[in-house]
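Data from model.cif: mmCIF, C-alpha atoms
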data_coords
loop_
_atom_site.label_atom_id
_atom_site.label_comp_id
_atom_site.auth_asym_id
_atom_site.auth_seq_id
_atom_site.Cartn_x
_atom_site.Cartn_y
_atom_site.Cartn_z
CA MET A 105 15.22 -9.01 16.52
CA GLN A 106 12.72 -6.17 16.22
CA THR A 107 9.58 -6.68 18.28
CA PRO A 108 7.14 -4.02 19.45
CA ALA A 109 6.98 -3.13 23.15
CA PRO A 110 4.13 -4.87 25.01
CA PHE A 111 0.58 -3.65 24.45
CA GLU A 112 -2.99 -4.87 24.88
CA TYR A 113 -4.89 -6.00 21.81
CA GLU A 114 -8.54 -6.21 20.97
CA ARG A 115 -10.49 -6.79 17.81
CA ALA A 116 -13.38 -4.53 16.87
CA THR A 117 -16.53 -6.15 15.51
CA SER A 118 -18.26 -2.91 14.46
CA VAL A 119 -17.34 0.69 13.68
CA ASP A 120 -19.25 1.87 16.75
CA GLY A 121 -17.48 -0.79 18.80
CA ALA A 122 -14.08 0.46 17.58
CA ILE A 123 -14.99 4.05 18.49
CA ALA A 124 -16.30 2.94 21.89
CA ALA A 125 -13.04 1.04 22.48
CA LEU A 126 -10.96 4.12 21.61
CA GLY A 127 -13.07 6.17 24.02
CA ARG A 128 -12.73 3.60 26.79
CA LEU A 129 -8.99 3.01 26.33
CA GLY A 130 -8.00 6.67 26.06
CA ALA A 131 -5.29 8.54 24.19
CA GLU A 132 -2.75 5.69 24.30
CA ALA A 133 -4.94 3.50 22.09
CA ARG A 134 -4.38 3.25 18.34
CA ILE A 135 -6.30 1.71 15.48
CA ILE A 136 -4.47 -0.98 13.51
CA ALA A 137 -5.56 -1.94 10.00
CA GLY A 138 -2.94 -3.20 7.52
CA GLY A 139 -0.27 -2.45 10.10
CA HIS A 140 2.43 -1.87 7.48
CA SER A 141 3.19 1.63 8.77
CA LEU A 142 2.29 1.25 12.43
CA LEU A 143 4.08 -2.04 13.20
CA PRO A 144 7.44 -0.88 11.76
CA MET A 145 7.12 2.30 13.85
CA MET A 146 6.29 0.24 16.94
CA LYS A 147 9.32 -1.99 16.35
CA LEU A 148 11.52 1.11 16.32
CA ARG A 149 9.71 2.58 19.39
CA LEU A 150 8.71 5.60 17.30
CA ALA A 151 5.14 4.67 18.26
CA ASN A 152 4.33 3.05 21.61
CA PRO A 153 0.58 2.58 21.88
CA ALA A 154 -0.64 0.87 25.05
CA HIS A 155 -3.62 -0.63 23.23
CA LEU A 156 -4.29 -1.67 19.67
CA VAL A 157 -7.83 -1.88 18.31
CA ASP A 158 -7.80 -4.12 15.21
CA ILE A 159 -10.38 -3.08 12.58
CA ASN A 160 -9.47 -5.69 9.95
CA ASP A 161 -12.79 -7.49 10.47
CA LEU A 162 -14.86 -4.40 9.61
CA ALA A 163 -15.79 -5.42 6.06
CA GLU A 164 -18.31 -2.54 6.02
CA LEU A 165 -15.32 -0.15 5.72
CA ALA A 166 -13.93 -1.82 2.58
CA TYR A 167 -15.64 -0.53 -0.57
CA ILE A 168 -15.29 1.70 -3.62
CA ARG A 169 -18.63 2.96 -4.91
CA GLU A 170 -20.30 5.79 -6.79
CA GLN A 171 -22.95 7.59 -4.78
CA ASP A 172 -24.46 11.11 -4.84
CA ASP A 173 -22.07 12.39 -7.54
CA GLU A 174 -19.09 11.19 -5.55
CA ILE A 175 -16.75 8.26 -5.47
CA ARG A 176 -16.73 6.98 -1.92
CA ILE A 177 -13.91 4.81 -0.65
CA GLY A 178 -14.08 3.01 2.67
CA ALA A 179 -11.07 3.59 4.92
CA LEU A 180 -10.25 -0.13 5.11
CA THR A 181 -9.98 -0.48 1.31
CA ARG A 182 -6.60 -2.05 0.57
CA HIS A 183 -4.06 -0.80 -1.96
CA VAL A 184 -4.54 -3.90 -4.11
CA ASP A 185 -8.27 -3.14 -4.43
CA LEU A 186 -7.61 0.51 -5.29
CA LEU A 187 -5.22 -0.68 -7.99
CA LYS A 188 -7.66 -3.18 -9.46
CA SER A 189 -10.81 -1.04 -9.30
CA GLU A 190 -12.18 -0.37 -12.78
CA LEU A 191 -14.49 2.33 -11.42
CA LEU A 192 -11.57 4.21 -9.93
CA SER A 193 -9.40 3.64 -12.97
CA GLU A 194 -12.08 5.13 -15.18
CA ARG A 195 -12.94 8.10 -12.96
CA PHE A 196 -9.58 8.90 -11.38
CA PRO A 197 -6.72 7.07 -13.16
CA ILE A 198 -4.32 8.86 -10.78
CA PHE A 199 -5.03 6.04 -8.31
CA ARG A 200 -3.79 3.40 -10.76
CA ASP A 201 -0.67 5.50 -11.45
CA ALA A 202 0.07 5.79 -7.74
CA GLU A 203 -0.87 2.27 -6.69
CA THR A 204 1.43 0.73 -9.29
CA VAL A 205 4.38 2.33 -7.50
CA ILE A 206 3.32 2.21 -3.83
CA ALA A 207 5.53 -0.28 -1.96
CA ASP A 208 5.30 -3.75 -3.56
CA PRO A 209 2.41 -6.08 -4.41
CA ILE A 210 2.71 -8.02 -1.14
CA VAL A 211 2.57 -4.90 1.01
CA ARG A 212 -0.30 -3.65 -1.15
CA ASN A 213 -2.28 -6.74 -0.13
CA ARG A 214 -2.45 -5.39 3.42
CA GLY A 215 -2.00 -1.61 3.51
CA THR A 216 -5.16 0.52 3.44
CA ILE A 217 -6.06 3.98 2.17
CA GLY A 218 -7.23 5.02 5.64
CA GLY A 219 -3.96 3.92 7.18
CA SER A 220 -1.94 5.71 4.52
CA LEU A 221 -3.77 9.00 5.06
CA CYS A 222 -3.71 8.73 8.86
CA GLN A 223 0.02 7.95 8.87
CA ALA A 224 0.44 11.43 7.32
CA ASP A 225 3.96 10.64 6.15
CA ALA A 226 5.04 13.40 3.75
CA ALA A 227 6.68 10.81 1.48
CA GLU A 228 3.52 8.76 1.11
CA ASP A 229 1.71 8.91 -2.26
CA LEU A 230 -2.03 8.71 -1.50
CA SER A 231 -2.00 11.87 0.63
CA ALA A 232 -0.84 13.83 -2.41
CA VAL A 233 -3.33 11.99 -4.64
CA CYS A 234 -6.22 12.88 -2.32
CA SER A 235 -5.00 16.48 -1.95
CA ALA A 236 -4.81 16.96 -5.71
CA LEU A 237 -8.32 15.51 -6.10
CA LYS A 238 -9.56 17.86 -3.35
CA ALA A 239 -10.97 14.91 -1.44
CA GLU A 240 -13.01 15.14 1.71
CA VAL A 241 -12.70 12.60 4.49
CA VAL A 242 -15.30 11.45 6.97
CA ILE A 243 -14.19 11.24 10.59
CA ARG A 244 -16.49 9.52 13.04
CA GLY A 245 -16.47 9.82 16.82
CA ALA A 246 -18.87 9.05 19.66
CA GLY A 247 -20.69 12.33 18.93
CA GLY A 248 -21.23 11.61 15.22
CA GLU A 249 -19.52 12.34 11.93
CA ARG A 250 -17.73 15.33 10.53
CA VAL A 251 -16.45 15.90 7.02
CA VAL A 252 -13.02 17.50 6.62
CA GLY A 253 -11.27 18.69 3.44
CA MET A 254 -7.75 17.44 2.74
CA GLU A 255 -6.35 20.95 3.31
CA ASP A 256 -7.50 20.69 6.94
CA PHE A 257 -6.84 16.97 7.37
CA HIS A 258 -3.05 17.01 7.58
CA VAL A 259 -2.18 19.36 10.40
CA GLY A 260 1.55 18.56 10.50
CA PRO A 261 4.11 15.80 10.01
CA PHE A 262 2.53 12.48 11.06
CA THR A 263 -0.39 14.45 12.52
CA THR A 264 -3.97 14.58 11.28
CA ALA A 265 -7.32 16.10 12.23
CA VAL A 266 -8.44 12.70 13.57
CA GLY A 267 -8.80 13.24 17.31
CA ALA A 268 -8.60 10.84 20.24
CA GLY A 269 -11.64 8.57 20.16
CA GLU A 270 -12.20 9.16 16.44
CA LEU A 271 -11.91 6.96 13.37
CA LEU A 272 -11.42 7.88 9.72
CA THR A 273 -14.19 5.99 7.93
CA GLU A 274 -14.46 7.24 4.34
CA ILE A 275 -12.79 9.24 1.57
CA ARG A 276 -15.07 11.19 -0.78
CA LEU A 277 -14.12 12.40 -4.25
CA ALA A 278 -16.53 14.74 -6.03
CA LEU A 279 -17.38 13.79 -9.61
CA ARG A 280 -17.23 16.83 -11.83
CA PRO A 281 -17.13 16.91 -15.65
CA GLY A 282 -13.88 17.20 -17.59
CA ALA A 283 -11.70 15.52 -14.96
CA GLY A 284 -8.21 14.28 -15.76
CA SER A 285 -5.64 13.20 -13.18
CA ALA A 286 -2.16 11.66 -12.98
CA HIS A 287 0.59 10.77 -10.51
CA GLU A 288 4.30 10.85 -11.37
CA LYS A 289 6.97 9.44 -9.08
CA VAL A 290 10.71 8.88 -9.19
CA GLU A 291 12.12 6.28 -6.81
CA ARG A 292 15.57 4.77 -6.42
CA ARG A 293 14.36 1.21 -6.81
CA ALA A 294 11.06 -0.68 -7.10
CA GLY A 295 8.93 -0.27 -4.00
CA ASP A 296 10.98 2.48 -2.37
CA TRP A 297 9.68 5.76 -1.02
CA ALA A 298 9.66 8.57 -3.56
CA ILE A 299 12.67 10.82 -4.13
CA ALA A 300 9.88 13.14 -5.24
CA ALA A 301 6.36 12.61 -6.56
CA ALA A 302 3.70 14.89 -7.99
CA SER A 303 -0.07 14.39 -8.12
CA ALA A 304 -2.17 16.54 -10.43
CA ALA A 305 -5.83 16.86 -11.33
CA LEU A 306 -7.45 19.18 -13.87
CA TRP A 307 -11.10 19.82 -14.60
CA ILE A 308 -11.29 21.26 -18.12
CA ASP A 309 -14.53 22.89 -19.27
CA GLY A 310 -14.98 24.47 -22.69
CA GLY A 311 -11.24 24.39 -23.34
CA LEU A 312 -10.37 26.20 -20.12
CA ILE A 313 -9.10 24.87 -16.81
CA ALA A 314 -12.08 25.27 -14.47
CA GLU A 315 -10.26 23.82 -11.47
CA ALA A 316 -6.81 22.43 -10.74
CA GLY A 317 -5.28 20.41 -7.90
CA ILE A 318 -1.55 19.76 -7.43
CA ALA A 319 0.27 18.20 -4.48
CA LEU A 320 3.81 16.91 -3.95
CA SER A 321 5.19 13.99 -1.90
CA ALA A 322 8.59 13.64 -0.24
CA VAL A 323 9.75 17.23 -0.74
CA GLY A 324 8.79 18.77 2.60
CA MET A 325 7.80 18.00 6.16
CA THR A 326 4.22 17.43 5.03
CA THR A 327 2.45 16.79 1.73
CA ILE A 328 2.91 20.05 -0.19
CA HIS A 329 -0.27 21.53 -1.60
CA LEU A 330 0.66 23.87 -4.46
CA THR A 331 -2.02 26.54 -4.09
CA ARG A 332 0.00 29.18 -6.00
CA ALA A 333 0.35 26.90 -9.03
CA GLU A 334 -3.34 25.98 -8.87
CA GLU A 335 -4.21 29.68 -8.87
CA LEU A 336 -2.03 30.19 -11.95
CA LEU A 337 -3.85 27.45 -13.88
CA ARG A 338 -7.45 28.42 -13.14
CA GLY A 339 -9.29 29.98 -16.07
CA LYS A 340 -6.42 29.38 -18.51
CA GLN A 341 -6.14 27.26 -21.60
CA PRO A 342 -4.00 24.15 -20.99
CA SER A 343 -0.61 24.37 -22.73
CA ASP A 344 2.92 23.06 -22.28
CA GLU A 345 4.14 26.61 -21.55
CA LEU A 346 1.55 27.03 -18.79
CA PHE A 347 2.48 23.67 -17.26
CA ALA A 348 6.18 24.59 -17.42
CA GLU A 349 5.37 27.71 -15.44
CA ALA A 350 3.45 25.62 -12.88
CA GLY A 351 6.51 23.35 -12.68
CA GLU A 352 8.70 26.34 -11.85
CA ILE A 353 6.33 27.22 -9.00
CA ALA A 354 6.51 23.62 -7.78
CA SER A 355 10.33 23.81 -7.69
CA ALA A 356 10.15 27.07 -5.77
CA ASP A 357 7.35 26.22 -3.35
CA CYS A 358 8.56 22.83 -2.12
CA SER A 359 11.00 22.50 0.78
CA PRO A 360 12.99 19.28 0.40
CA SER A 361 15.85 18.19 2.66
CA ALA A 362 19.07 16.60 1.47
CA ASP A 363 19.32 12.92 2.35
CA GLY A 364 20.40 9.59 0.90
CA ARG A 365 17.84 10.01 -1.85
CA GLY A 366 19.41 13.18 -3.18
CA PRO A 367 20.43 16.81 -2.64
CA VAL A 368 18.00 19.73 -2.41
CA ASP A 369 18.54 21.15 -5.92
CA TYR A 370 17.96 17.74 -7.51
CA LYS A 371 14.72 17.25 -5.57
CA ARG A 372 13.48 20.73 -6.50
CA HIS A 373 14.27 19.99 -10.14
CA LEU A 374 12.38 16.68 -9.92
CA ALA A 375 9.38 18.34 -8.26
CA GLY A 376 9.17 20.77 -11.18
CA VAL A 377 9.57 18.17 -13.91
CA LEU A 378 7.15 15.73 -12.30
CA THR A 379 4.55 18.47 -11.79
CA GLN A 380 4.79 19.35 -15.48
CA ARG A 381 4.47 15.71 -16.55
CA ALA A 382 1.53 15.07 -14.23
CA LEU A 383 -0.26 18.16 -15.55
CA ARG A 384 0.37 17.17 -19.17
CA ARG A 385 -1.04 13.70 -18.57
CA SER A 386 -3.99 15.09 -16.62
CA ALA A 387 -4.86 17.40 -19.50
CA ALA A 388 -4.48 14.60 -22.06
CA ARG A 389 -6.74 12.36 -20.00
CA SER A 390 -9.31 15.10 -19.48
CA LEU A 391 -9.41 15.71 -23.24
CA HIS A 392 -9.22 11.95 -24.02
CA GLN A 393 -6.00 12.49 -25.93
CA GLU A 394 -3.70 10.28 -23.89
CA ALA A 395 -1.13 8.62 -26.10
CA MET B 1213 -3.76 -14.38 24.71
CA ASN B 1214 -5.03 -17.42 22.91
CA VAL B 1215 -4.72 -17.50 19.16
CA SER B 1216 -5.92 -20.16 16.81
CA MET B 1217 -5.67 -20.43 13.06
CA THR B 1218 -5.36 -22.98 10.29
CA VAL B 1219 -1.76 -23.58 9.27
CA ASN B 1220 -1.18 -25.84 6.28
CA GLY B 1221 -4.63 -27.34 6.71
CA GLU B 1222 -4.28 -28.09 10.41
CA GLN B 1223 -6.00 -26.23 13.21
CA VAL B 1224 -3.32 -24.89 15.57
CA SER B 1225 -3.46 -22.70 18.63
CA GLY B 1226 -1.09 -21.14 21.09
CA ASP B 1227 -0.92 -18.76 24.00
CA VAL B 1228 0.99 -15.71 22.77
CA GLU B 1229 1.80 -12.16 23.74
CA PRO B 1230 -0.14 -9.74 21.52
CA ARG B 1231 3.19 -8.36 20.30
CA GLN B 1232 4.37 -11.67 18.89
CA LEU B 1233 4.87 -11.43 15.14
CA LEU B 1234 3.38 -14.07 12.89
CA VAL B 1235 6.83 -15.10 11.64
CA HIS B 1236 7.92 -15.96 15.20
CA PHE B 1237 4.64 -17.76 15.93
CA ILE B 1238 5.25 -19.91 12.86
CA ARG B 1239 8.93 -20.53 13.53
CA GLU B 1240 9.13 -20.68 17.32
CA THR B 1241 5.69 -21.66 18.59
CA LEU B 1242 4.85 -24.06 15.74
CA GLY B 1243 8.44 -25.02 14.96
CA LEU B 1244 7.99 -24.58 11.22
CA LYS B 1245 11.42 -23.26 10.28
CA GLY B 1246 10.84 -23.26 6.53
CA THR B 1247 9.57 -19.68 6.70
CA HIS B 1248 12.67 -17.50 6.90
CA TRP B 1249 12.98 -14.42 9.02
CA GLY B 1250 15.00 -11.81 7.15
CA CYS B 1251 15.04 -8.03 7.25
CA ASP B 1252 12.26 -7.60 9.83
CA THR B 1253 11.17 -4.44 8.00
CA SER B 1254 8.79 -5.77 5.30
CA ASN B 1255 11.37 -5.13 2.59
CA CYS B 1256 13.01 -8.45 1.77
CA GLY B 1257 10.14 -10.92 1.39
CA ALA B 1258 11.94 -13.93 2.91
CA CYS B 1259 9.12 -14.35 5.45
CA VAL B 1260 6.24 -14.41 2.95
CA VAL B 1261 3.46 -16.87 3.74
CA LEU B 1262 -0.06 -16.99 2.31
CA MET B 1263 -2.95 -15.70 4.41
CA ASP B 1264 -6.30 -16.71 2.93
CA GLY B 1265 -4.41 -17.33 -0.33
CA GLN B 1266 -2.71 -13.92 -0.51
CA PRO B 1267 1.01 -13.32 0.05
CA LEU B 1268 1.72 -11.65 3.40
CA LYS B 1269 5.01 -10.52 4.93
CA SER B 1270 4.78 -12.40 8.20
CA CYS B 1271 7.27 -10.08 9.96
CA THR B 1272 4.70 -7.30 9.61
CA ALA B 1273 1.63 -9.03 11.01
CA LEU B 1274 0.86 -9.87 14.60
CA ALA B 1275 -0.03 -13.50 15.26
CA VAL B 1276 -3.18 -12.30 17.02
CA MET B 1277 -4.23 -10.45 13.86
CA CYS B 1278 -4.24 -13.80 12.04
CA ASP B 1279 -6.58 -15.49 14.52
CA GLY B 1280 -9.27 -17.35 12.59
CA HIS B 1281 -7.42 -17.08 9.28
CA GLU B 1282 -5.87 -19.67 7.01
CA ILE B 1283 -2.09 -19.63 6.69
CA ARG B 1284 0.03 -21.59 4.21
CA THR B 1285 3.79 -21.92 4.61
CA VAL B 1286 6.44 -23.40 2.33
CA GLU B 1287 6.10 -26.75 4.16
CA SER B 1288 2.68 -27.18 2.52
CA LEU B 1289 4.00 -27.22 -1.03
CA GLU B 1290 5.35 -30.76 -1.11
CA MET B 1291 2.54 -33.32 -1.04
CA ASP B 1292 3.18 -37.03 -0.33
CA GLY B 1293 6.77 -36.78 -1.44
CA ALA B 1294 5.93 -34.96 -4.68
CA LEU B 1295 7.24 -31.46 -5.13
CA ASP B 1296 4.87 -28.68 -6.13
CA PRO B 1297 5.48 -27.64 -9.76
CA ILE B 1298 6.88 -24.32 -8.54
CA GLN B 1299 9.46 -26.21 -6.44
CA GLN B 1300 10.30 -28.40 -9.43
CA GLY B 1301 10.70 -25.28 -11.53
CA PHE B 1302 13.19 -23.82 -9.06
CA HIS B 1303 15.08 -27.13 -9.17
CA GLU B 1304 15.05 -27.42 -12.96
CA ARG B 1305 16.10 -23.84 -13.62
CA HIS B 1306 18.56 -23.53 -10.73
CA ALA B 1307 16.57 -20.65 -9.24
CA LEU B 1308 18.40 -20.56 -5.94
CA GLN B 1309 21.93 -20.26 -4.75
CA CYS B 1310 22.06 -19.60 -0.99
CA GLY B 1311 18.34 -20.37 -0.66
CA PHE B 1312 17.53 -17.75 1.95
CA CYS B 1313 14.90 -15.94 -0.14
CA THR B 1314 13.54 -19.18 -1.58
CA PRO B 1315 10.63 -19.90 0.83
CA GLY B 1316 9.23 -16.41 0.28
CA MET B 1317 9.85 -16.57 -3.47
CA LEU B 1318 8.09 -19.95 -3.67
CA MET B 1319 5.02 -18.79 -1.76
CA THR B 1320 4.83 -15.49 -3.66
CA THR B 1321 5.06 -17.19 -7.05
CA ARG B 1322 2.72 -20.03 -6.01
CA ALA B 1323 0.10 -17.33 -5.26
CA LEU B 1324 0.85 -15.65 -8.59
CA LEU B 1325 0.25 -18.87 -10.52
CA ASP B 1326 -2.94 -19.58 -8.55
CA GLU B 1327 -4.28 -16.19 -9.65
CA ASN B 1328 -2.67 -16.00 -13.09
CA PRO B 1329 -1.69 -19.43 -14.49
CA ASP B 1330 0.12 -17.98 -17.53
CA PRO B 1331 1.97 -14.85 -16.39
CA THR B 1332 4.27 -12.86 -18.68
CA ASP B 1333 7.87 -12.29 -17.62
CA GLN B 1334 6.91 -8.73 -16.66
CA GLU B 1335 4.03 -9.97 -14.50
CA ILE B 1336 6.39 -12.38 -12.77
CA ARG B 1337 8.91 -9.60 -12.18
CA THR B 1338 6.20 -7.36 -10.73
CA ALA B 1339 4.95 -10.18 -8.48
CA ILE B 1340 8.42 -10.76 -7.00
CA SER B 1341 9.29 -7.06 -6.77
CA GLY B 1342 8.69 -7.25 -3.01
CA SER B 1343 11.18 -10.10 -2.62
CA ILE B 1344 14.91 -9.58 -2.64
CA CYS B 1345 17.40 -12.24 -3.81
CA ARG B 1346 20.84 -11.15 -2.67
CA CYS B 1347 22.46 -13.73 -4.92
CA THR B 1348 20.66 -11.73 -7.65
CA GLY B 1349 19.27 -14.85 -9.25
CA TYR B 1350 16.19 -13.11 -10.59
CA LYS B 1351 16.63 -14.29 -14.18
CA ASN B 1352 16.54 -17.94 -13.13
CA ILE B 1353 13.65 -17.31 -10.76
CA VAL B 1354 11.57 -15.83 -13.60
CA SER B 1355 12.56 -18.80 -15.75
CA ALA B 1356 11.53 -21.21 -12.96
CA VAL B 1357 8.09 -19.64 -12.69
CA ARG B 1358 7.68 -19.95 -16.47
CA TRP B 1359 8.72 -23.61 -16.21
CA ALA B 1360 6.09 -24.21 -13.52
CA ALA B 1361 3.41 -22.37 -15.50
CA GLU B 1362 4.11 -24.43 -18.60
CA HIS B 1363 4.21 -27.74 -16.75
CA GLU B 1364 1.06 -26.99 -14.75
CA ALA B 1365 -0.75 -26.12 -17.96
CA GLY B 1366 0.50 -29.42 -19.48
CA ALA B 1367 -0.59 -31.40 -16.43
CA LYS B 1368 -4.05 -29.82 -16.54
CA SER B 1369 -4.59 -30.51 -20.24
CA GLU B 1370 -3.56 -34.15 -19.75
CA ALA B 1371 -5.94 -34.59 -16.82
#
Using the file provided, produce a representation of the structure as structure tokens.
Amino acid sequence: MQTPAPFEYERATSVDGAIAALGRLGAEARIIAGGHSLLPMMKLRLANPAHLVDINDLAELAYIREQDDEIRIGALTRHVDLLKSELLSERFPIFRDAETVIADPIVRNRGTIGGSLCQADAAEDLSAVCSALKAEVVIRGAGGERVVGMEDFHVGPFTTAVGAGELLTEIRLALRPGAGSAHEKVERRAGDWAIAAASAALWIDGGLIAEAGIALSAVGMTTIHLTRAEELLRGKQPSDELFAEAGEIASADCSPSADGRGPVDYKRHLAGVLTQRALRRSAARSLHQEA
Amino acid sequence: MNVSMTVNGEQVSGDVEPRQLLVHFIRETLGLKGTHWGCDTSNCGACVVLMDGQPLKSCTALAVMCDGHEIRTVESLEMDGALDPIQQGFHERHALQCGFCTPGMLMTTRALLDENPDPTDQEIRTAISGSICRCTGYKNIVSAVRWAAEHEAGAKSEA
């Protein structure tokens, strides 16, 4: 039987209350939301928090809305709601692509976007999605809020910029014209972690790529942000040849390890192919030419 | 700590350690052994119950997290000696062999039919993609859910 080691539990009734509890309980306290990453880690003793602060009652952190030229997503928004959101599907269809293949529908009923990002597992999909979209996240502590870009959010494997006594409260996605985005994943079986996955976003203006975002899951110790490939795409006309070149960079710039899901050369190959496919679909969506 | 919730329409409570998983609260504290405890890693789906109408893997929820919520287990399906249509469907279409995955499959597909009374085969397959049948009886399970959908629709139009 797998059961977590003993801990103390309390339920937060407000965001400020949760932050106050984290401050009072110290560094051994952890937030629990969906619990579908944290509880398995606690069962295996990979995580041993002395206190859990349950934020599932904080309905004020569960929303997807358009505000100030941004899509804002509350940290407690569950996968199922990200999947079903028409607003998100229209603005950033990459979420629908990813949510269709994240775990299974039952797990998606509980897991949250905030939990996924804070888990900072390199194989997890939404971290790559948010990196490709160049999201910003809002982190709140006793001293107030700060806004951090995805490039500064993940500081290492399973490690984020969220400090002791702080809570991730919101994800912000800037709305700019000409956006197209897509997520491509290969998994061994339904609901499994990716062998490799690629998230891409393109903002096409006047026939040229004004901005590009590409990130990879499961092919390194952290989510891999492909800055070199993004640089290549900027200012160019979208084409299959250009995306093939970006795919070659993806194969070169990732750092997969061999494991039960496949050898290194296979994963590099996948990273390249999936990057190409995600870019092609992003461009088609941006130009409203998706088949 | 004290935990209280509604289980199959009845208010229940118990004094539990915060680390107690919902599946063990249901099976050990409440003695409802219909909910099976399988992989313990949120992969297999044998332990699925409904929380506020939504399928939940009860091995990956703390009992204390369910305080104040409404839980439904497989024991709630049969009413006054009459099987739920989904149970009848599993019987009619021989949708179980060893039966270990069955409680989770029944609750998962009951929730599916509550939300979508006329699912396609693909929608059924997606709904049960978080539930593993090691006897690999998926074809008959999909057929059983179709049976239940058709008979529920019939029952409703007669009523």
**Neighbour list for Phe1312 in chain B as number ranges by chain, cut-off 12 Å, all atoms listed in the file, skip fewer than 6 positions in-chain** = B: 1245-1251, 1256-1260, 1318, 1343-1349
**Selection result of the PyMOL selection byres ((chain B and resi 1329) around 9) on this file, as a ChimeraX atom specification** = /B:1324-1328,1330-1331,1361-1362,1364-1365
**Request:** Apply the PyMOL selection byres ((chain A) within 9 of (chain B)) to the displayed file and report the matching residues as an MDAnalysis selection string.
**Result:** chainID A and resid 105:113 115 138:140 143:144 147 158 160 207:211 213:214 294:295
**Prompt:** Given the file above and the PyMOL selection byres ((chain B and resi 1289) around 12), which residues are selected, and can you give them as a VMD selection string?
**Reply:** chain B and resid 1220 to 1221 1246 1261 to 1262 1284 to 1288 1290 to 1300 1315 1318 to 1319 1321 to 1323
**Request:** Give me, please, the distance in Å between CA of Thr181 in chain A and CA of Tyr167 in chain A, quoted to one decimal.
**Result:**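 For CA of Thr181 in chain A relative to CA of Tyr167 in chain A, the distance reads 6.0 Å.
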**Message:** As an exercise, work out the distance from CA of Gly282 in chain A to CA of Phe347 in chain A in Å and give it to one decimal place.
**Reply:**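 Here the two named atoms are 17.6 Å from each other.
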